[in-house]
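Remarks on the structure that follows.
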Amino acid sequence: MSMTFPGLPPPPPPPEPVLATAVVLHRDGPRGREAFLVRRGRDLRFAGGWHAFPGGRLDPEDARVPVEGAQGEDARLVACAARELFEETGVLAARGRERVPAAAREAARRALLDGTLAFGDFLAAHGLGLEAAAFTPAGRWVTPEHLPLRYDARLFLLPLPPGEAPVVWPGELADGAMVPAADALGAWGRGQMLLHPPNLHALRVLDRPGPIDLAALRDPPHRDGPICRRIEFQQGFFLAALRTPTLPPATHTNAWLLPAEGGLAVVDPGAPDPAEQAVLFGLLDALAAERLPPREIWLTHAHPDHVGAVAALSARYGLPVRAHPLAAGRAGAPVEPLGEGDRIGDGGRFRVLETPGHAREHLAFLDERSGALVCGDLVSTLSTIVIDPPEGDMAEYERQLARVEALGPRTIYPAHGPPAPDAVGKLAAYRGHRREREALVVAALAAGGTLAEITARAYADTPAPLHPVAARSCLAVLEKLRGASRAEEAGGVWRAR
């Protein structure tokens with residue numbers, strides 16, 4: 001099950017973007033222009049494990065910080081940029097900074113991070129001043145609607161101030177370093193560094209010879225206003241997130257466009273809505289004009305929110321559809337069979353993995369060049385996956401999670417939610433969650449009861465309107481326990497054995 005059904009709450013509206021800033025801290029190095037990149041902690045809700053520029057959301061206290069040469073929102077954004085830069089890297093981009101002893105800096109940074117000191121009070125105590133002219137506006141980016149957290153982010157360009165040395169203290173951030181722009185782009189191309197479009201674009205501009213092209217930095221291509229419409233998380237992996245009638249909290253299904261022989265393969269084009277299909281067609285046509293035409297359609301499985309655009313896409317471009325044989329008759333077009341161990345894509349770089357459990361015909365595609373795992377509904381980075389008997393099989397699903405984890409993929413590219421760079425950690429966490437939920441079901445089973453009664457006890461942390469969905473996964477756990485001779489059912493009543 002991955003489609004919505006009557007009785008569920010309506011899909012949530014896109015979240016409102018939160019004002020935020022990021023600082024492109026740069027310098028000239030022996031191997032070209034360098035930028036300071038932080039790696040976000042993997043457990044953060046937004047972009048955990050990704051590389052980014054230092055920055056964060058606007059704080060109400062930022063309005064109290066005076067900024068020479070700016071007023072109103074402009075001043076607040078500069079104050080936010082300076083504060084976040086100091087908190088995350090220790091770099092103090094303020095007039096008079098040389099007067100602040102190292103010990104006082106460190107103490108102030110710790111107090112800012114633990115919330116016991118306001119940035120404005122720190123500046124005032126040491127006679128420091130912020131100057132808007134030091135922070136060059138470098139573009140505005142708004143997170144697309146399909147992501148669960150959205151930011152209205154203003155970028156600022158800042159040369160590394162003399163005498164400053166950025167240092168990341170582990171916590172929300174895992175680490176950080178001054179990295180040659182060319183090296184960062186190379187790591188992105190190999191799938192070793194995930195970058196959101198603002199960071200990718202800025203690094204590309206920084207990597208160009210000569211003075212930094214501010215006009216190019218502020219006006220990137222492929223945007224609808226401040227929202228980027230071409231998303232390439234690693235080289236050759238494009239995303240078209242299409243609104244589909246899927247289960248909440250998801251509202252979209254990711255159609256991944258992957259390197260194929262002579263062009264691109266489209267994975268899981270799930271949108272039945274012609275308006276959403278037009279978004280996909282527009283991206284494909286633009287990429288075709290750049291000599292990346294669509295060549296094939298690959299399906300992870302045949303649930304409706306993964307195949308809704310297959311017929312239209314196949315007819316428009318004359319594309320073959322490749323999927324597990326069990327998807328035949330439900331894929332929206334004739335199927336060319338795929339199975340375990342098949343090699344597909346550009347140079348056969350993707351290995352096909354049969355991963356039943358969520359669906360009998362479920363496949364995943366492992367890029368053996370970069371370690372990217374395009375995993376369909378094996379994992380979601382928004383929530384847990386529903387296992388719905390009789391098609392869904394919890395024991396088999398858990399076996400597949402363990403098998404794929406043992407393969408050691410680098411990055412998960414799911415059908416719902418953003419990529420996760422720590423694929424092994426994500427798979428291990430998923431298996432851990434399943435063990436925890438099974439323990440709750442076992443505890444709820446001790447008193448016996450109907451499926452609805454056991455679901456209510458085992459999923460007490462789940463909102464009641466979602467209990468019909470939770471009941472399907474609860475049933476999958478009970479079926480697993482019955483298969484292991486740990487549960488039995490008679491007359492609609494389940495009991496422990």
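To be explicit about the labels: the chains of the structure tokens are called A, B, and onward in the order shown, and within each one the residues are counted from 1, while ligands get numbers from 1 in the order they are shown.
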
Using only C-alpha atoms, determine which residues lie at most 9 Å from Glu488 (chain A), disregarding the query and same-chain residues fewer than 4 positions distant; provide the list as a PyMOL selection string.
-> chain A and resi 478-479+481-482+493-497

Write a file of the selected residues as a PDB file, in the first residue's frame, keeping N, CA and C atoms.
```
ATOM      1  N   LEU A 478       1.903  -9.127  13.038  1.00  0.00           N
ATOM      2  CA  LEU A 478       1.218 -10.302  13.581  1.00  0.00           C
ATOM      3  C   LEU A 478       1.393 -11.510  12.676  1.00  0.00           C
ATOM      4  N   GLU A 479       1.334 -11.309  11.377  1.00  0.00           N
ATOM      5  CA  GLU A 479       1.551 -12.422  10.442  1.00  0.00           C
ATOM      6  C   GLU A 479       2.975 -12.953  10.565  1.00  0.00           C
ATOM      7  N   LEU A 481       4.781 -12.864  13.309  1.00  0.00           N
ATOM      8  CA  LEU A 481       4.804 -13.607  14.563  1.00  0.00           C
ATOM      9  C   LEU A 481       4.110 -14.956  14.422  1.00  0.00           C
ATOM     10  N   ARG A 482       3.002 -14.999  13.660  1.00  0.00           N
ATOM     11  CA  ARG A 482       2.326 -16.284  13.436  1.00  0.00           C
ATOM     12  C   ARG A 482       3.244 -17.240  12.674  1.00  0.00           C
ATOM     13  N   VAL A 493      -9.725 -12.841  16.617  1.00  0.00           N
ATOM     14  CA  VAL A 493      -9.049 -12.479  17.851  1.00  0.00           C
ATOM     15  C   VAL A 493      -7.631 -13.048  17.812  1.00  0.00           C
ATOM     16  N   TRP A 494      -6.651 -12.190  18.079  1.00  0.00           N
ATOM     17  CA  TRP A 494      -5.234 -12.595  18.090  1.00  0.00           C
ATOM     18  C   TRP A 494      -4.790 -12.829  19.531  1.00  0.00           C
ATOM     19  N   ARG A 495      -3.964 -13.885  19.701  1.00  0.00           N
ATOM     20  CA  ARG A 495      -3.410 -14.198  21.000  1.00  0.00           C
ATOM     21  C   ARG A 495      -1.950 -14.622  20.845  1.00  0.00           C
ATOM     22  N   ALA A 496      -1.169 -14.397  21.902  1.00  0.00           N
ATOM     23  CA  ALA A 496       0.218 -14.863  21.905  1.00  0.00           C
ATOM     24  C   ALA A 496       0.257 -16.369  22.087  1.00  0.00           C
ATOM     25  N   ARG A 497       1.277 -16.975  21.502  1.00  0.00           N
ATOM     26  CA  ARG A 497       1.474 -18.437  21.689  1.00  0.00           C
ATOM     27  C   ARG A 497       2.698 -18.680  22.561  1.00  0.00           C
TER      28      ARG A 497
END
```

Determine, counting only C-alpha atoms, which protein, DNA and RNA residues have an atom within 8 Å of an atom of region 431-445 of chain A; residues of the same chain fewer than 5 positions away are not included. Present the result as number ranges by chain.
-> A: 398, 401-402, 454-455, 457-459, 474, 477-478, 494-496

Residue subset to file, keeping C-alpha atoms, as a tab-separated table (two decimals), in the first residue's frame:
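Done, and the output landed in again23.tsv:
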```
chain	number	residue	atom	x	y	z
A	398	GLU	CA	13.16	-6.99	7.11
A	401	LEU	CA	16.61	-4.26	4.63
A	402	ALA	CA	19.40	-6.34	6.21
A	454	ILE	CA	-3.96	-4.44	19.28
A	455	THR	CA	-3.26	-1.60	16.86
A	457	ARG	CA	-2.32	-0.31	22.04
A	458	ALA	CA	0.79	-0.85	19.90
A	459	TYR	CA	0.39	2.39	17.94
A	474	CYS	CA	0.37	-4.15	12.65
A	477	VAL	CA	3.87	-7.90	12.28
A	478	LEU	CA	1.22	-10.30	13.58
A	494	TRP	CA	-5.23	-12.60	18.09
A	495	ARG	CA	-3.41	-14.20	21.00
A	496	ALA	CA	0.22	-14.86	21.90
```

Using the chain letters and numbers from this document, which residues of region 241-461 of chain A does DSSP assign to helix (DSSP H, G or I), as a PyMOL selection string?
-> chain A and resi 274-288+304-307+310-317+325-327+346-348+394-406+423-445+451-458

Residues as selected, C-alpha atoms, written as a PDB file, in the first residue's frame, can you do that?
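What follows is the written file again-v9.pdb:
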```pdb
ATOM      1  CA  PRO A 274      -1.612  16.021 -16.541  1.00  0.00           C
ATOM      2  CA  ALA A 275      -0.413  19.259 -14.944  1.00  0.00           C
ATOM      3  CA  GLU A 276       2.190  17.372 -12.918  1.00  0.00           C
ATOM      4  CA  GLN A 277       3.130  15.322 -15.961  1.00  0.00           C
ATOM      5  CA  ALA A 278       3.745  18.575 -17.821  1.00  0.00           C
ATOM      6  CA  VAL A 279       6.356  19.483 -15.190  1.00  0.00           C
ATOM      7  CA  LEU A 280       8.170  16.221 -15.907  1.00  0.00           C
ATOM      8  CA  PHE A 281       7.889  16.664 -19.674  1.00  0.00           C
ATOM      9  CA  GLY A 282       9.266  20.196 -19.435  1.00  0.00           C
ATOM     10  CA  LEU A 283      12.336  19.006 -17.534  1.00  0.00           C
ATOM     11  CA  LEU A 284      12.875  16.093 -19.916  1.00  0.00           C
ATOM     12  CA  ASP A 285      12.579  18.342 -22.963  1.00  0.00           C
ATOM     13  CA  ALA A 286      15.101  20.793 -21.494  1.00  0.00           C
ATOM     14  CA  LEU A 287      17.556  17.990 -20.760  1.00  0.00           C
ATOM     15  CA  ALA A 288      17.003  16.487 -24.217  1.00  0.00           C
ATOM     16  CA  PRO A 304      -0.367   3.593  -8.539  1.00  0.00           C
ATOM     17  CA  ASP A 305       1.607   6.498  -7.080  1.00  0.00           C
ATOM     18  CA  HIS A 306       4.688   5.147  -8.890  1.00  0.00           C
ATOM     19  CA  VAL A 307       3.183   4.446 -12.316  1.00  0.00           C
ATOM     20  CA  VAL A 310       3.949   5.772 -17.291  1.00  0.00           C
ATOM     21  CA  ALA A 311       1.409   5.518 -20.107  1.00  0.00           C
ATOM     22  CA  ALA A 312       1.646   9.203 -21.009  1.00  0.00           C
ATOM     23  CA  LEU A 313       5.437   9.254 -20.739  1.00  0.00           C
ATOM     24  CA  SER A 314       5.915   6.078 -22.745  1.00  0.00           C
ATOM     25  CA  ALA A 315       3.570   7.275 -25.485  1.00  0.00           C
ATOM     26  CA  ARG A 316       5.068  10.776 -25.708  1.00  0.00           C
ATOM     27  CA  TYR A 317       8.683   9.652 -26.072  1.00  0.00           C
ATOM     28  CA  PRO A 325       7.705  -9.414 -14.433  1.00  0.00           C
ATOM     29  CA  LEU A 326       5.081  -9.289 -11.663  1.00  0.00           C
ATOM     30  CA  ALA A 327       4.464  -5.643 -12.564  1.00  0.00           C
ATOM     31  CA  ASP A 346      25.035   3.892 -18.630  1.00  0.00           C
ATOM     32  CA  GLY A 347      27.675   1.193 -19.059  1.00  0.00           C
ATOM     33  CA  GLY A 348      25.644  -1.208 -16.930  1.00  0.00           C
ATOM     34  CA  MET A 394       7.137  -8.013   7.045  1.00  0.00           C
ATOM     35  CA  ALA A 395       9.579 -10.894   7.508  1.00  0.00           C
ATOM     36  CA  GLU A 396      10.689 -10.635   3.893  1.00  0.00           C
ATOM     37  CA  TYR A 397      10.858  -6.849   4.073  1.00  0.00           C
ATOM     38  CA  GLU A 398      13.161  -6.986   7.105  1.00  0.00           C
ATOM     39  CA  ARG A 399      15.360  -9.575   5.365  1.00  0.00           C
ATOM     40  CA  GLN A 400      15.731  -7.228   2.415  1.00  0.00           C
ATOM     41  CA  LEU A 401      16.615  -4.263   4.633  1.00  0.00           C
ATOM     42  CA  ALA A 402      19.401  -6.335   6.214  1.00  0.00           C
ATOM     43  CA  ARG A 403      20.612  -7.634   2.833  1.00  0.00           C
ATOM     44  CA  VAL A 404      20.803  -4.198   1.267  1.00  0.00           C
ATOM     45  CA  GLU A 405      22.463  -2.732   4.363  1.00  0.00           C
ATOM     46  CA  ALA A 406      25.183  -5.417   4.068  1.00  0.00           C
ATOM     47  CA  ALA A 423      22.618   4.915   3.632  1.00  0.00           C
ATOM     48  CA  VAL A 424      23.937   2.195   5.936  1.00  0.00           C
ATOM     49  CA  GLY A 425      22.998   4.217   9.015  1.00  0.00           C
ATOM     50  CA  LYS A 426      19.526   4.903   7.621  1.00  0.00           C
ATOM     51  CA  LEU A 427      18.916   1.228   6.844  1.00  0.00           C
ATOM     52  CA  ALA A 428      20.154   0.226  10.306  1.00  0.00           C
ATOM     53  CA  ALA A 429      17.866   2.824  11.902  1.00  0.00           C
ATOM     54  CA  TYR A 430      14.928   1.512   9.870  1.00  0.00           C
ATOM     55  CA  ARG A 431      15.587  -2.022  11.071  1.00  0.00           C
ATOM     56  CA  GLY A 432      15.921  -0.762  14.627  1.00  0.00           C
ATOM     57  CA  HIS A 433      12.572   1.003  14.379  1.00  0.00           C
ATOM     58  CA  ARG A 434      10.948  -2.189  13.109  1.00  0.00           C
ATOM     59  CA  ARG A 435      12.333  -4.105  16.091  1.00  0.00           C
ATOM     60  CA  GLU A 436      10.988  -1.461  18.476  1.00  0.00           C
ATOM     61  CA  ARG A 437       7.556  -1.534  16.858  1.00  0.00           C
ATOM     62  CA  GLU A 438       7.478  -5.329  16.921  1.00  0.00           C
ATOM     63  CA  ALA A 439       8.216  -5.221  20.648  1.00  0.00           C
ATOM     64  CA  LEU A 440       5.210  -2.917  21.124  1.00  0.00           C
ATOM     65  CA  VAL A 441       3.006  -5.284  19.130  1.00  0.00           C
ATOM     66  CA  VAL A 442       4.239  -8.241  21.187  1.00  0.00           C
ATOM     67  CA  ALA A 443       3.416  -6.337  24.391  1.00  0.00           C
ATOM     68  CA  ALA A 444      -0.019  -5.404  23.055  1.00  0.00           C
ATOM     69  CA  LEU A 445      -0.612  -9.010  22.038  1.00  0.00           C
ATOM     70  CA  LEU A 451      -6.547  -6.251  15.119  1.00  0.00           C
ATOM     71  CA  ALA A 452      -8.088  -2.860  15.903  1.00  0.00           C
ATOM     72  CA  GLU A 453      -7.557  -3.334  19.642  1.00  0.00           C
ATOM     73  CA  ILE A 454      -3.959  -4.443  19.280  1.00  0.00           C
ATOM     74  CA  THR A 455      -3.259  -1.596  16.862  1.00  0.00           C
ATOM     75  CA  ALA A 456      -4.675   0.937  19.320  1.00  0.00           C
ATOM     76  CA  ARG A 457      -2.318  -0.312  22.039  1.00  0.00           C
ATOM     77  CA  ALA A 458       0.791  -0.854  19.903  1.00  0.00           C
TER      78      ALA A 458
END
```

Please give the complete set of residues from region 57-196 of chain A that DSSP, run on the backbone, assigns to strand (DSSP E), formatted as a PyMOL selection string.
-> chain A and resi 57+67-68+130-131+136-142+151-159+173-180

Interatomic distance between CA of Glu340 (chain A) and CA of Ala364 (chain A)?
-> 9.4 Å

So which residues touch His146 (chain A) within 12 Å, counting only C-alpha atoms, skipping near sequence neighbours fewer than 4 positions away, as JSON, numbers by chain?
-> {"A": [11, 12, 13, 14, 15, 16, 17, 142, 150, 227, 228, 229, 239, 240, 241, 242, 243, 244, 249, 250, 251, 252, 253, 254, 382, 415, 416, 417, 418]}
